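Student: Just one file: final_10.cif, with mmCIF, C-alpha atoms.
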data_input
loop_
_atom_site.label_atom_id
_atom_site.label_comp_id
_atom_site.auth_asym_id
_atom_site.auth_seq_id
_atom_site.Cartn_x
_atom_site.Cartn_y
_atom_site.Cartn_z
CA MET A 438 -25.36 14.87 23.86
CA LYS A 439 -24.86 11.20 24.65
CA LYS A 440 -22.88 10.77 21.40
CA LEU A 441 -20.70 13.72 22.37
CA ASN A 442 -19.95 12.18 25.75
CA ILE A 443 -18.96 8.87 24.17
CA LEU A 444 -16.73 10.68 21.68
CA THR A 445 -15.09 12.66 24.52
CA LEU A 446 -14.52 9.48 26.51
CA PHE A 447 -13.04 7.78 23.43
CA ILE A 448 -10.63 10.70 22.86
CA ILE A 449 -9.56 10.68 26.51
CA LEU A 450 -8.95 6.92 26.42
CA LEU A 451 -7.04 7.26 23.16
CA SER A 452 -4.81 9.98 24.60
CA LEU A 453 -4.15 7.89 27.71
CA PHE A 454 -3.22 4.93 25.52
CA SER A 455 -0.78 7.10 23.57
CA VAL A 456 0.90 8.31 26.76
CA ASN A 457 1.18 4.74 28.02
CA THR A 458 2.78 3.63 24.75
CA VAL A 459 5.50 6.30 25.03
CA ALA A 460 6.12 5.43 28.65
CA ALA A 461 6.41 1.75 27.83
CA GLN A 462 9.10 2.43 25.22
CA GLY A 463 11.13 4.22 27.88
CA GLY A 464 13.16 7.40 27.48
CA GLY A 465 10.31 9.28 25.82
CA ASP A 466 11.76 12.63 26.92
CA ILE A 467 15.23 11.89 25.60
CA SER A 468 15.84 13.63 22.28
CA ASP A 469 17.52 12.07 19.27
CA ASP A 470 20.33 14.62 19.60
CA GLU A 471 21.10 13.39 23.10
CA VAL A 472 21.14 9.79 21.91
CA ASN A 473 23.23 10.61 18.84
CA ALA A 474 25.78 12.54 20.91
CA ILE A 475 26.75 9.22 22.48
CA ALA A 476 25.99 7.08 19.43
CA SER A 477 28.42 9.12 17.31
CA GLU A 478 31.23 7.89 19.56
CA LEU A 479 30.32 4.25 19.08
CA PHE A 480 30.58 1.75 16.26
CA CYS A 481 28.50 -1.39 15.97
CA PRO A 482 30.68 -4.46 15.13
CA VAL A 483 28.03 -5.67 12.69
CA CYS A 484 28.31 -2.57 10.49
CA GLU A 485 32.01 -1.80 10.56
CA ASN A 486 33.14 1.73 9.65
CA THR A 487 29.65 3.19 10.11
CA PRO A 488 29.15 5.33 13.21
CA LEU A 489 26.20 4.23 15.28
CA ASP A 490 24.38 7.56 14.95
CA VAL A 491 24.04 7.23 11.15
CA CYS A 492 23.77 3.45 10.80
CA GLU A 493 20.32 2.28 9.70
CA THR A 494 20.51 -1.46 10.38
CA GLN A 495 18.14 -3.07 12.87
CA ALA A 496 21.04 -3.88 15.21
CA CYS A 497 22.10 -0.22 15.34
CA LYS A 498 18.53 0.99 15.83
CA GLN A 499 18.29 -1.34 18.84
CA TRP A 500 21.57 0.00 20.19
CA ARG A 501 20.31 3.58 19.91
CA GLU A 502 17.12 2.64 21.72
CA LEU A 503 19.23 1.08 24.45
CA ILE A 504 21.17 4.34 24.79
CA ARG A 505 17.87 6.21 25.04
CA LEU A 506 16.69 3.79 27.73
CA LYS A 507 19.91 4.13 29.74
CA LEU A 508 19.78 7.94 29.49
CA SER A 509 16.19 7.92 30.74
CA GLU A 510 17.35 5.81 33.68
CA GLY A 511 19.85 8.52 34.58
CA TRP A 512 23.03 6.88 33.33
CA THR A 513 25.90 9.20 32.44
CA ASP A 514 27.63 9.21 29.04
CA ALA A 515 30.67 7.50 30.53
CA GLU A 516 28.58 4.81 32.20
CA ILE A 517 26.73 4.07 28.97
CA LYS A 518 29.95 3.84 26.98
CA GLN A 519 31.43 1.54 29.61
CA TYR A 520 28.30 -0.63 29.43
CA PHE A 521 28.78 -1.02 25.68
CA VAL A 522 32.48 -1.80 26.13
CA ASP A 523 31.68 -4.44 28.77
CA ASN A 524 29.06 -6.05 26.58
CA TYR A 525 30.55 -5.75 23.12
CA GLY A 526 34.26 -5.08 23.62
CA ALA A 527 36.49 -2.03 23.31
CA ARG A 528 36.29 -2.17 19.52
CA VAL A 529 32.89 -0.42 19.67
CA LEU A 530 34.59 2.81 20.75
CA ALA A 531 35.38 5.35 18.05
CA GLU A 532 38.47 6.26 20.06
CA PRO A 533 40.15 3.15 21.44
CA PRO A 534 41.30 3.34 25.09
CA LYS A 535 44.89 4.47 25.55
CA GLU A 536 46.23 1.19 26.92
CA GLY A 537 47.98 -1.97 25.80
CA PHE A 538 48.09 -2.71 22.09
CA ASN A 539 45.81 0.28 21.38
CA LEU A 540 48.68 2.62 22.25
CA LEU A 541 50.08 1.85 18.79
CA VAL A 542 47.16 3.78 17.28
CA TYR A 543 48.17 6.89 19.19
CA PHE A 544 51.96 6.68 18.90
CA VAL A 545 52.80 5.01 15.60
CA PRO A 546 51.18 7.51 13.15
CA PRO A 547 52.74 10.60 14.80
CA ALA A 548 56.08 8.77 15.00
CA ILE A 549 55.90 7.89 11.29
CA ILE A 550 55.02 11.49 10.40
CA LEU A 551 57.91 12.75 12.55
CA ILE A 552 60.40 10.30 11.05
CA GLY A 553 59.16 11.17 7.55
CA ALA A 554 59.58 14.89 8.26
CA VAL A 555 63.14 14.33 9.51
CA ILE A 556 64.01 12.25 6.43
CA LEU A 557 62.51 14.89 4.11
CA PHE A 558 64.29 17.70 5.93
CA ARG A 559 67.63 15.96 5.66
CA ALA A 560 67.02 15.05 2.03
CA PHE A 561 66.14 18.66 1.10
CA LYS A 562 69.16 19.87 3.00
CA GLU A 563 71.43 17.49 1.09
CA TRP A 564 69.91 18.48 -2.26
CA LYS A 565 70.42 22.10 -1.38
CA ASN A 566 74.06 21.44 -0.50
CA ASP A 567 74.57 19.50 -3.72
CA ASN A 568 73.12 22.34 -5.77
CA GLY A 569 75.26 24.86 -3.92
CA GLU A 570 78.42 22.92 -4.70
CA LYS A 571 77.43 22.57 -8.36
CA ASP A 572 76.51 26.24 -8.67
CA ALA A 573 79.78 27.53 -7.28
CA PRO A 574 82.09 26.82 -10.30
CA ILE A 575 79.34 27.73 -12.77
CA THR A 576 79.11 31.27 -11.45
CA GLU A 577 82.80 31.75 -12.19
CA ALA A 578 82.72 30.13 -15.57
CA SER A 579 81.94 31.72 -18.91
CA PRO A 580 78.51 31.33 -20.52
CA LYS A 581 80.07 28.87 -22.92
CA SER A 582 81.35 26.61 -20.16
CA THR A 583 77.89 26.71 -18.53
CA ARG A 584 76.42 25.34 -21.67
CA GLU A 585 79.16 22.72 -21.80
CA THR A 586 78.32 21.37 -18.35
CA SER A 587 74.59 21.49 -18.80
CA ASN A 588 74.25 20.02 -22.28
CA PRO A 589 75.46 16.42 -22.87
CA LYS A 590 75.84 17.13 -26.60
CA ASP A 591 78.19 20.02 -25.81
CA ASP A 592 80.12 17.78 -23.44
CA TYR A 593 80.63 15.36 -26.25
CA LEU A 594 81.83 18.17 -28.55
CA ALA A 595 84.20 19.43 -25.90
CA LYS A 596 85.71 15.96 -25.48
CA PHE A 597 85.91 15.58 -29.24
CA GLU A 598 87.75 18.90 -29.55
CA GLU A 599 90.06 17.90 -26.73
CA GLU A 600 90.91 14.66 -28.52
CA LEU A 601 91.62 16.60 -31.68
CA ARG A 602 93.93 18.93 -29.80
CA LYS A 603 95.83 15.95 -28.41
CA ARG A 604 96.33 14.52 -31.89
CA GLU A 605 97.67 17.84 -33.25
CA MET B 1428 88.39 6.66 -14.41
CA THR B 1429 87.20 10.10 -15.42
CA GLU B 1430 87.83 13.11 -13.29
CA GLU B 1431 84.24 13.71 -12.21
CA ASN B 1432 83.93 10.17 -10.83
CA THR B 1433 86.84 10.40 -8.44
CA PRO B 1434 85.87 10.14 -4.77
CA LYS B 1435 87.95 13.21 -4.07
CA ASN B 1436 85.61 15.43 -6.06
CA SER B 1437 82.28 13.82 -5.11
CA PRO B 1438 80.37 15.64 -2.33
CA GLN B 1439 80.57 14.13 1.14
CA LYS B 1440 77.26 12.32 1.74
CA ARG B 1441 76.04 12.41 5.34
CA GLY B 1442 73.53 9.58 5.87
CA MET B 1443 71.08 9.07 8.72
CA PRO B 1444 72.70 7.98 11.97
CA LEU B 1445 72.79 4.21 12.37
CA TRP B 1446 70.47 4.18 15.39
CA VAL B 1447 67.83 6.14 13.45
CA GLN B 1448 68.05 3.73 10.52
CA ILE B 1449 67.72 0.71 12.81
CA THR B 1450 64.74 2.28 14.62
CA VAL B 1451 62.95 3.21 11.39
CA TRP B 1452 63.44 -0.23 9.88
CA SER B 1453 62.40 -1.95 13.12
CA VAL B 1454 59.18 0.10 13.27
CA LEU B 1455 58.41 -0.60 9.60
CA VAL B 1456 59.04 -4.34 10.00
CA ALA B 1457 56.88 -4.43 13.16
CA LEU B 1458 54.07 -2.62 11.35
CA LEU B 1459 54.27 -5.00 8.41
CA VAL B 1460 54.10 -7.97 10.80
CA VAL B 1461 51.00 -6.49 12.50
CA VAL B 1462 49.31 -5.81 9.15
CA PHE B 1463 50.23 -9.29 7.89
CA MET B 1464 48.83 -10.96 11.02
CA GLY B 1465 45.62 -8.92 10.74
CA LEU B 1466 45.17 -9.85 7.09
CA GLN B 1467 45.94 -13.48 7.79
CA ARG B 1468 43.34 -13.59 10.56
CA ALA B 1469 40.77 -11.86 8.36
CA GLN B 1470 41.32 -14.44 5.62
CA GLU B 1471 41.19 -17.41 8.00
CA GLY B 1472 37.40 -17.46 8.00
CA ASN B 1473 35.38 -19.24 10.64
CA VAL B 1474 36.56 -22.24 12.69
CA GLN B 1475 36.66 -25.27 10.44
CA THR B 1476 35.67 -28.90 10.88
CA GLY B 1477 38.36 -30.82 12.73
CA GLU B 1478 39.58 -27.90 14.86
CA GLU B 1479 40.02 -28.47 18.58
CA THR B 1480 38.04 -25.95 20.66
CA GLY B 1481 40.01 -26.50 23.87
CA LYS B 1482 42.32 -23.60 22.98
CA PHE B 1483 39.44 -21.12 23.15
CA ASP B 1484 37.46 -22.35 26.10
CA PHE B 1485 34.88 -19.94 27.51
CA THR B 1486 32.57 -19.47 30.45
CA MET B 1487 29.39 -17.64 29.49
CA PRO B 1488 26.89 -16.04 31.88
CA LEU B 1489 23.31 -17.05 31.14
CA PHE B 1490 20.31 -14.78 30.82
CA GLU B 1491 18.09 -14.51 33.85
CA GLY B 1492 15.85 -17.55 34.07
CA TYR B 1493 18.30 -19.80 32.18
CA TYR B 1494 20.37 -22.42 33.99
CA HIS B 1495 22.74 -25.26 33.22
CA GLU B 1496 22.81 -27.91 35.94
CA GLY B 1497 21.64 -25.34 38.46
CA ALA B 1498 24.31 -22.74 37.59
CA GLN B 1499 23.67 -19.47 35.83
CA GLU B 1500 26.76 -19.83 33.70
CA ILE B 1501 28.11 -22.46 31.39
CA SER B 1502 31.67 -23.49 30.66
CA LEU B 1503 32.73 -25.28 27.49
CA THR B 1504 35.35 -27.46 29.21
CA ASP B 1505 32.72 -28.77 31.64
CA LEU B 1506 30.85 -30.19 28.66
CA ARG B 1507 33.58 -32.64 27.61
CA GLY B 1508 32.02 -36.05 27.10
CA LYS B 1509 28.85 -34.54 25.66
CA ILE B 1510 27.83 -33.47 22.18
CA VAL B 1511 27.67 -29.66 22.15
CA VAL B 1512 25.63 -27.55 19.75
CA LEU B 1513 26.75 -23.91 19.76
CA ASN B 1514 24.28 -21.62 18.02
CA PHE B 1515 25.19 -17.97 17.41
CA TRP B 1516 22.12 -15.79 16.97
CA ALA B 1517 20.76 -12.27 17.45
CA SER B 1518 17.29 -10.81 17.82
CA TRP B 1519 17.93 -8.43 14.89
CA CYS B 1520 18.88 -11.33 12.63
CA VAL B 1521 16.01 -12.21 10.30
CA THR B 1522 17.24 -15.67 9.28
CA CYS B 1523 17.83 -16.65 12.92
CA LYS B 1524 14.07 -16.61 13.32
CA ASP B 1525 13.75 -19.21 10.53
CA GLU B 1526 15.56 -21.83 12.59
CA ALA B 1527 14.53 -20.87 16.15
CA VAL B 1528 11.63 -23.31 16.33
CA GLU B 1529 13.64 -26.16 14.77
CA LEU B 1530 16.50 -25.74 17.24
CA GLU B 1531 14.13 -25.76 20.19
CA GLU B 1532 12.38 -28.87 18.86
CA ALA B 1533 15.69 -30.69 18.49
CA TRP B 1534 16.77 -29.61 21.99
CA ARG B 1535 13.57 -30.93 23.54
CA TYR B 1536 14.09 -34.24 21.75
CA TYR B 1537 17.64 -34.76 23.09
CA GLN B 1538 17.39 -33.05 26.48
CA PRO B 1539 16.02 -36.03 28.48
CA ASP B 1540 19.06 -38.23 27.72
CA GLY B 1541 21.51 -35.52 28.79
CA GLU B 1542 24.05 -36.50 26.17
CA VAL B 1543 23.56 -33.41 24.04
CA VAL B 1544 23.80 -29.79 25.21
CA PHE B 1545 22.54 -26.85 23.20
CA ILE B 1546 23.96 -23.39 23.90
CA GLY B 1547 22.55 -20.20 22.43
CA ILE B 1548 25.13 -17.42 22.13
CA ASP B 1549 23.54 -14.02 21.64
CA TYR B 1550 25.81 -11.97 19.38
CA VAL B 1551 25.98 -8.13 19.53
CA ASP B 1552 22.43 -7.86 20.78
CA THR B 1553 20.50 -5.75 23.26
CA GLU B 1554 19.14 -7.62 26.24
CA PRO B 1555 15.52 -6.34 26.13
CA GLU B 1556 15.11 -7.46 22.51
CA ALA B 1557 16.94 -10.72 23.19
CA ARG B 1558 14.50 -11.53 25.98
CA VAL B 1559 11.54 -10.80 23.71
CA TYR B 1560 13.03 -13.11 21.06
CA LEU B 1561 13.62 -15.97 23.54
CA LYS B 1562 10.11 -15.64 24.90
CA ARG B 1563 8.50 -15.41 21.47
CA TYR B 1564 10.10 -18.67 20.29
CA ASP B 1565 9.83 -20.31 23.72
CA ILE B 1566 13.51 -21.17 23.75
CA THR B 1567 14.46 -23.20 26.81
CA TYR B 1568 18.06 -24.30 26.22
CA PRO B 1569 20.84 -22.29 27.95
CA ASN B 1570 21.23 -18.88 26.39
CA GLY B 1571 23.49 -15.99 27.23
CA PRO B 1572 25.16 -12.89 25.83
CA ASP B 1573 28.53 -13.04 24.13
CA MET B 1574 30.15 -10.60 26.55
CA GLY B 1575 32.78 -8.50 24.78
CA THR B 1576 32.16 -10.62 21.62
CA LYS B 1577 34.96 -12.88 22.86
CA ILE B 1578 33.31 -16.18 21.95
CA SER B 1579 32.32 -15.05 18.46
CA GLN B 1580 35.85 -13.75 17.91
CA ALA B 1581 37.33 -17.06 19.08
CA PHE B 1582 35.13 -18.92 16.61
CA ARG B 1583 35.80 -16.19 14.02
CA ILE B 1584 32.13 -16.16 13.05
CA GLN B 1585 31.30 -14.43 9.78
CA GLY B 1586 27.69 -13.66 10.65
CA VAL B 1587 24.59 -15.05 12.29
CA PRO B 1588 23.14 -17.59 12.42
CA GLU B 1589 26.11 -19.95 12.63
CA THR B 1590 26.06 -23.29 14.43
CA TYR B 1591 28.99 -25.45 15.51
CA PHE B 1592 28.63 -29.10 16.45
CA LEU B 1593 31.34 -30.37 18.81
CA ASP B 1594 31.99 -34.02 19.55
CA ARG B 1595 32.64 -35.45 23.01
CA ASP B 1596 36.31 -34.36 22.82
CA GLY B 1597 35.46 -30.77 21.91
CA VAL B 1598 36.45 -31.14 18.26
CA VAL B 1599 34.35 -29.30 15.68
CA LYS B 1600 32.60 -31.94 13.61
CA HIS B 1601 30.14 -29.88 11.61
CA VAL B 1602 29.66 -26.19 10.84
CA GLN B 1603 26.33 -24.80 9.69
CA LEU B 1604 26.53 -21.35 8.14
CA GLY B 1605 23.07 -19.86 7.83
CA PRO B 1606 19.80 -21.29 9.08
CA PHE B 1607 18.79 -24.95 9.19
CA GLN B 1608 16.08 -26.05 6.80
CA SER B 1609 14.40 -28.47 9.18
CA THR B 1610 14.55 -30.17 12.56
CA ALA B 1611 15.45 -33.40 10.76
CA GLN B 1612 18.59 -31.74 9.38
CA ILE B 1613 19.75 -30.83 12.89
CA MET B 1614 18.92 -34.29 14.22
CA SER B 1615 20.75 -36.10 11.45
CA ILE B 1616 23.98 -34.27 12.35
CA ILE B 1617 23.58 -34.99 16.06
CA ASP B 1618 22.66 -38.62 15.50
CA ALA B 1619 25.82 -39.13 13.47
CA LEU B 1620 27.88 -37.68 16.33
CA LEU B 1621 26.10 -39.82 18.92
CA ALA B 1622 26.83 -42.90 16.85
CA GLU B 1623 30.59 -42.25 16.81
#
Here is a file; write its structure as structure tokens.
Tutor:
Amino acid sequence: MKKLNILTLFIILLSLFSVNTVAAQGGGDISDDEVNAIASELFCPVCENTPLDVCETQACKQWRELIRLKLSEGWTDAEIKQYFVDNYGARVLAEPPKEGFNLLVYFVPPAIILIGAVILFRAFKEWKNDNGEKDAPITEASPKSTRETSNPKDDYLAKFEEELRKRE
Amino acid sequence: MTEENTPKNSPQKRGMPLWVQITVWSVLVALLVVVFMGLQRAQEGNVQTGEETGKFDFTMPLFEGYYHEGAQEISLTDLRGKIVVLNFWASWCVTCKDEAVELEEAWRYYQPDGEVVFIGIDYVDTEPEARVYLKRYDITYPNGPDMGTKISQAFRIQGVPETYFLDRDGVVKHVQLGPFQSTAQIMSIIDALLAE
């Protein structure tokens, strides 16, 4: 009976210790999904091009724990992101803020696509016009003359025959 | 001239309006300049020996419990006339731990004379872990976070640890990439600067 009591006491102490450990880490009730929802919108400067939610370096693990801590303290997503910007610069954001030099990121690619589309449209239009002008006389010509215009060898023969005619 | 080459028979080509051409070329040239500048900066590497640091002066807030002459911030320009040791570190950096004790030993050796100032710049770190690190290695010289990574960008650091030794005029005299091997190594660099 005494042994049982000691064992029970040991289990209770162990469980209390476990609870304290979780509490000491902070944010024990914050799920990984909640942390990753914010982490996926951040990039650690140490591991460029790897979103924070999938980065496995020690630096990124610490950042995720910091997010968990801030969430447990009641910070909003926006406040946490602003904290990271203040501490590590705007380059940590997956989507740079729409101001200053960053505006280039938002306006230059669409502008290039638009300009490219206009150039392509005009080019196709011109090619179509060129083909239309070329097609017009061919439709009136005989099958022989079609071959003459399309085949360089036939062109040469035609010129040769013309020269012969001139000499006659 | 053959018949098919005469301008009369060639189709009328309608090019892009002049203003569109100028805009497109301007945008392309501007983009190339931006890309070129980015590449050039990326290839520059870290600040080299002989560079003047006055152009990228900084004022850094210090962690709670750290002071420089009674203030909880430190400014690089205020340190003219002294030898400055700038050490970039992070709590997640394994090799930073290899030199933490040596840096602190060197600092404690030079601190009484007041001619040498050590500054620890915590790069891309989280404050709770940074505090644990500072406490674990009993680091007493001024330490603070690199807010917005502005200082590390100014020095174009390639990683941590990196240490820059500035002379009394703020000129970089020695750059240490990676950890120091011993306290004697740190002291030999500082002694040479003090002797100048």
Student: Report as a ChimeraX atom specification the residues that result from applying the PyMOL selection byres ((chain B) within 12 of (chain A)) to the structure here.
Tutor: /B:1429,1431,1436-1444,1447-1448,1450-1455,1457-1458,1461,1487-1488,1517-1521,1549-1557,1571-1580,1584-1587
Student: I'd like to know which of A:Asn539, A:Gln519, A:Ser477, A:Ser468 is closest to Leu506 in chain A, using only C-alpha atoms.
Tutor: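 Smallest separation from Leu506 in chain A among the options: A:Ser468.
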Student: Residues near Thr1522 in chain B, anyone? I mean within 10 Å using all atoms listed in the file, not counting same-chain ones fewer than 6 positions away, as a PyMOL selection string.
Tutor: chain B and resi 1516+1587-1588+1605-1607
Student: Keeping C-alpha atoms, export the residues of the selection given above as a JSON list (two decimals), in the coordinates of the input.
Tutor:
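Written file, selection_27.json:
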[["chain", "number", "residue", "atom", "x", "y", "z"],
["B", 1516, "TRP", "CA", 22.12, -15.79, 16.97],
["B", 1587, "VAL", "CA", 24.59, -15.05, 12.29],
["B", 1588, "PRO", "CA", 23.14, -17.59, 12.42],
["B", 1605, "GLY", "CA", 23.07, -19.86, 7.83],
["B", 1606, "PRO", "CA", 19.80, -21.29, 9.08],
["B", 1607, "PHE", "CA", 18.79, -24.95, 9.19]]
Student: Suppose a student applies the PyMOL selection byres ((chain B and resi 1561-1569) around 7) to this structure; what residues should they get, written as a list in words?
Tutor: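 Listing what the PyMOL selection byres ((chain B and resi 1561-1569) around 7) selects in the shown file: Leu1489, Tyr1493, Tyr1494, His1495, Ala1527, Val1528, Glu1531, Trp1534, Phe1545, Ile1546, Gly1547, Ala1557, Arg1558, Val1559, Tyr1560, Asn1570 and Gly1571 of chain B.
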Student: Using the chain letters and numbers from this file, what does the PyMOL selection byres ((chain B and resi 1472-1476) around 12) select? Give the answer as a ChimeraX atom specification.
Tutor: /B:1466-1471,1477-1480,1482-1483,1578-1587,1589-1594,1597-1604
Student: Just give me the gap between CA of Gly1508 in chain B and CA of Gln1608 in chain B in Å, one decimal is fine.
Tutor: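 Going from CA of Gly1508 in chain B over to CA of Gln1608 in chain B covers 27.7 Å.
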Student: Can you work out which one of A:Trp564, A:Glu510, A:Ile475, A:Arg505 has the shortest atom-to-atom distance to Leu530 in chain A, counting only C-alpha atoms?
Tutor: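 The answer is A:Ile475, which sits nearest to Leu530 in chain A.
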Student: Hey, can you check how far CA of Asp1596 in chain B sits from CA of Asp1484 in chain B?
Tutor: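 Rounded to one decimal, the two atoms are 12.5 Å apart.
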Student: May I ask for the distance between CA of Asp469 in chain A and CA of Pro534 in chain A, given in Å to one decimal place?
Tutor: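 About the pair CA of Asp469 in chain A and CA of Pro534 in chain A: they are 26.0 Å apart.
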Student: For Ile1613 in chain B, list every protein, DNA or RNA residue within 9 Å, evaluated using all atoms listed in the file, and leave out those in the same chain fewer than 6 positions away; present the list as number ranges by chain.
Tutor: B: 1529-1530, 1533, 1607
Student: With distances taken over all atoms listed in the file, which residue among B:Val1544, B:Asp1618, B:Glu1623, B:Phe1515 lies nearest Glu1496 in chain B?
Tutor: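 Residue with the minimum atom-to-atom distance to Glu1496 in chain B: B:Val1544.
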Student: Quick one: of A:Asp514, A:Asp592, A:Glu532, A:Asp466, who's nearest to Pro488 in chain A, counting all atoms listed in the file?
Tutor: A:Glu532
Student: Could you tell me which of B:Val1543, B:Arg1595, B:Leu1506, B:Glu1532 comes closest to Gln1612 in chain B if we count only C-alpha atoms?
Tutor: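 Residue with the minimum atom-to-atom distance to Gln1612 in chain B: B:Glu1532.
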Student: Since the input has fewer atoms than a full residue there, write range 1449-1469 of chain B out with N, CA and C atoms, as an mmCIF file, in the coordinates of the input.
Tutor:
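Result written to rebuild.cif:
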data_model
loop_
_atom_site.group_PDB
_atom_site.id
_atom_site.type_symbol
_atom_site.label_atom_id
_atom_site.label_comp_id
_atom_site.auth_asym_id
_atom_site.auth_seq_id
_atom_site.Cartn_x
_atom_site.Cartn_y
_atom_site.Cartn_z
ATOM 1 N N ILE B 1449 68.162 1.971 12.177
ATOM 2 C CA ILE B 1449 67.720 0.710 12.810
ATOM 3 C C ILE B 1449 66.310 0.889 13.379
ATOM 4 N N THR B 1450 66.067 2.044 14.030
ATOM 5 C CA THR B 1450 64.740 2.280 14.620
ATOM 6 C C THR B 1450 63.664 2.321 13.536
ATOM 7 N N VAL B 1451 63.941 3.076 12.471
ATOM 8 C CA VAL B 1451 62.950 3.210 11.390
ATOM 9 C C VAL B 1451 62.624 1.859 10.783
ATOM 10 N N TRP B 1452 63.676 1.079 10.490
ATOM 11 C CA TRP B 1452 63.440 -0.230 9.880
ATOM 12 C C TRP B 1452 62.709 -1.168 10.834
ATOM 13 N N SER B 1453 63.067 -1.083 12.127
ATOM 14 C CA SER B 1453 62.400 -1.950 13.120
ATOM 15 C C SER B 1453 60.904 -1.627 13.174
ATOM 16 N N VAL B 1454 60.593 -0.321 13.204
ATOM 17 C CA VAL B 1454 59.180 0.100 13.270
ATOM 18 C C VAL B 1454 58.435 -0.369 12.022
ATOM 19 N N LEU B 1455 59.069 -0.191 10.848
ATOM 20 C CA LEU B 1455 58.410 -0.600 9.600
ATOM 21 C C LEU B 1455 58.166 -2.104 9.559
ATOM 22 N N VAL B 1456 59.186 -2.872 9.991
ATOM 23 C CA VAL B 1456 59.040 -4.340 10.000
ATOM 24 C C VAL B 1456 57.929 -4.742 10.972
ATOM 25 N N ALA B 1457 57.909 -4.107 12.162
ATOM 26 C CA ALA B 1457 56.880 -4.430 13.160
ATOM 27 C C ALA B 1457 55.484 -4.120 12.617
ATOM 28 N N LEU B 1458 55.364 -2.982 11.929
ATOM 29 C CA LEU B 1458 54.070 -2.620 11.350
ATOM 30 C C LEU B 1458 53.630 -3.621 10.288
ATOM 31 N N LEU B 1459 54.593 -4.017 9.452
ATOM 32 C CA LEU B 1459 54.270 -5.000 8.410
ATOM 33 C C LEU B 1459 53.816 -6.316 9.029
ATOM 34 N N VAL B 1460 54.478 -6.719 10.118
ATOM 35 C CA VAL B 1460 54.100 -7.970 10.800
ATOM 36 C C VAL B 1460 52.665 -7.862 11.329
ATOM 37 N N VAL B 1461 52.353 -6.693 11.955
ATOM 38 C CA VAL B 1461 51.000 -6.490 12.500
ATOM 39 C C VAL B 1461 49.960 -6.535 11.380
ATOM 40 N N VAL B 1462 50.250 -5.833 10.283
ATOM 41 C CA VAL B 1462 49.310 -5.810 9.150
ATOM 42 C C VAL B 1462 49.144 -7.213 8.572
ATOM 43 N N PHE B 1463 50.270 -7.928 8.438
ATOM 44 C CA PHE B 1463 50.230 -9.290 7.890
ATOM 45 C C PHE B 1463 49.383 -10.211 8.767
ATOM 46 N N MET B 1464 49.597 -10.102 10.092
ATOM 47 C CA MET B 1464 48.830 -10.960 11.020
ATOM 48 C C MET B 1464 47.335 -10.644 10.950
ATOM 49 N N GLY B 1465 47.026 -9.335 10.848
ATOM 50 C CA GLY B 1465 45.620 -8.920 10.740
ATOM 51 C C GLY B 1465 44.970 -9.468 9.489
ATOM 52 N N LEU B 1466 45.706 -9.355 8.365
ATOM 53 C CA LEU B 1466 45.170 -9.850 7.090
ATOM 54 C C LEU B 1466 45.004 -11.364 7.122
ATOM 55 N N GLN B 1467 45.992 -12.025 7.712
ATOM 56 C CA GLN B 1467 45.940 -13.480 7.790
ATOM 57 C C GLN B 1467 44.722 -13.941 8.592
ATOM 58 N N ARG B 1468 44.485 -13.243 9.708
ATOM 59 C CA ARG B 1468 43.340 -13.590 10.560
ATOM 60 C C ARG B 1468 42.020 -13.327 9.829
ATOM 61 N N ALA B 1469 42.001 -12.195 9.093
ATOM 62 C CA ALA B 1469 40.770 -11.860 8.360
ATOM 63 C C ALA B 1469 40.454 -12.895 7.288
#
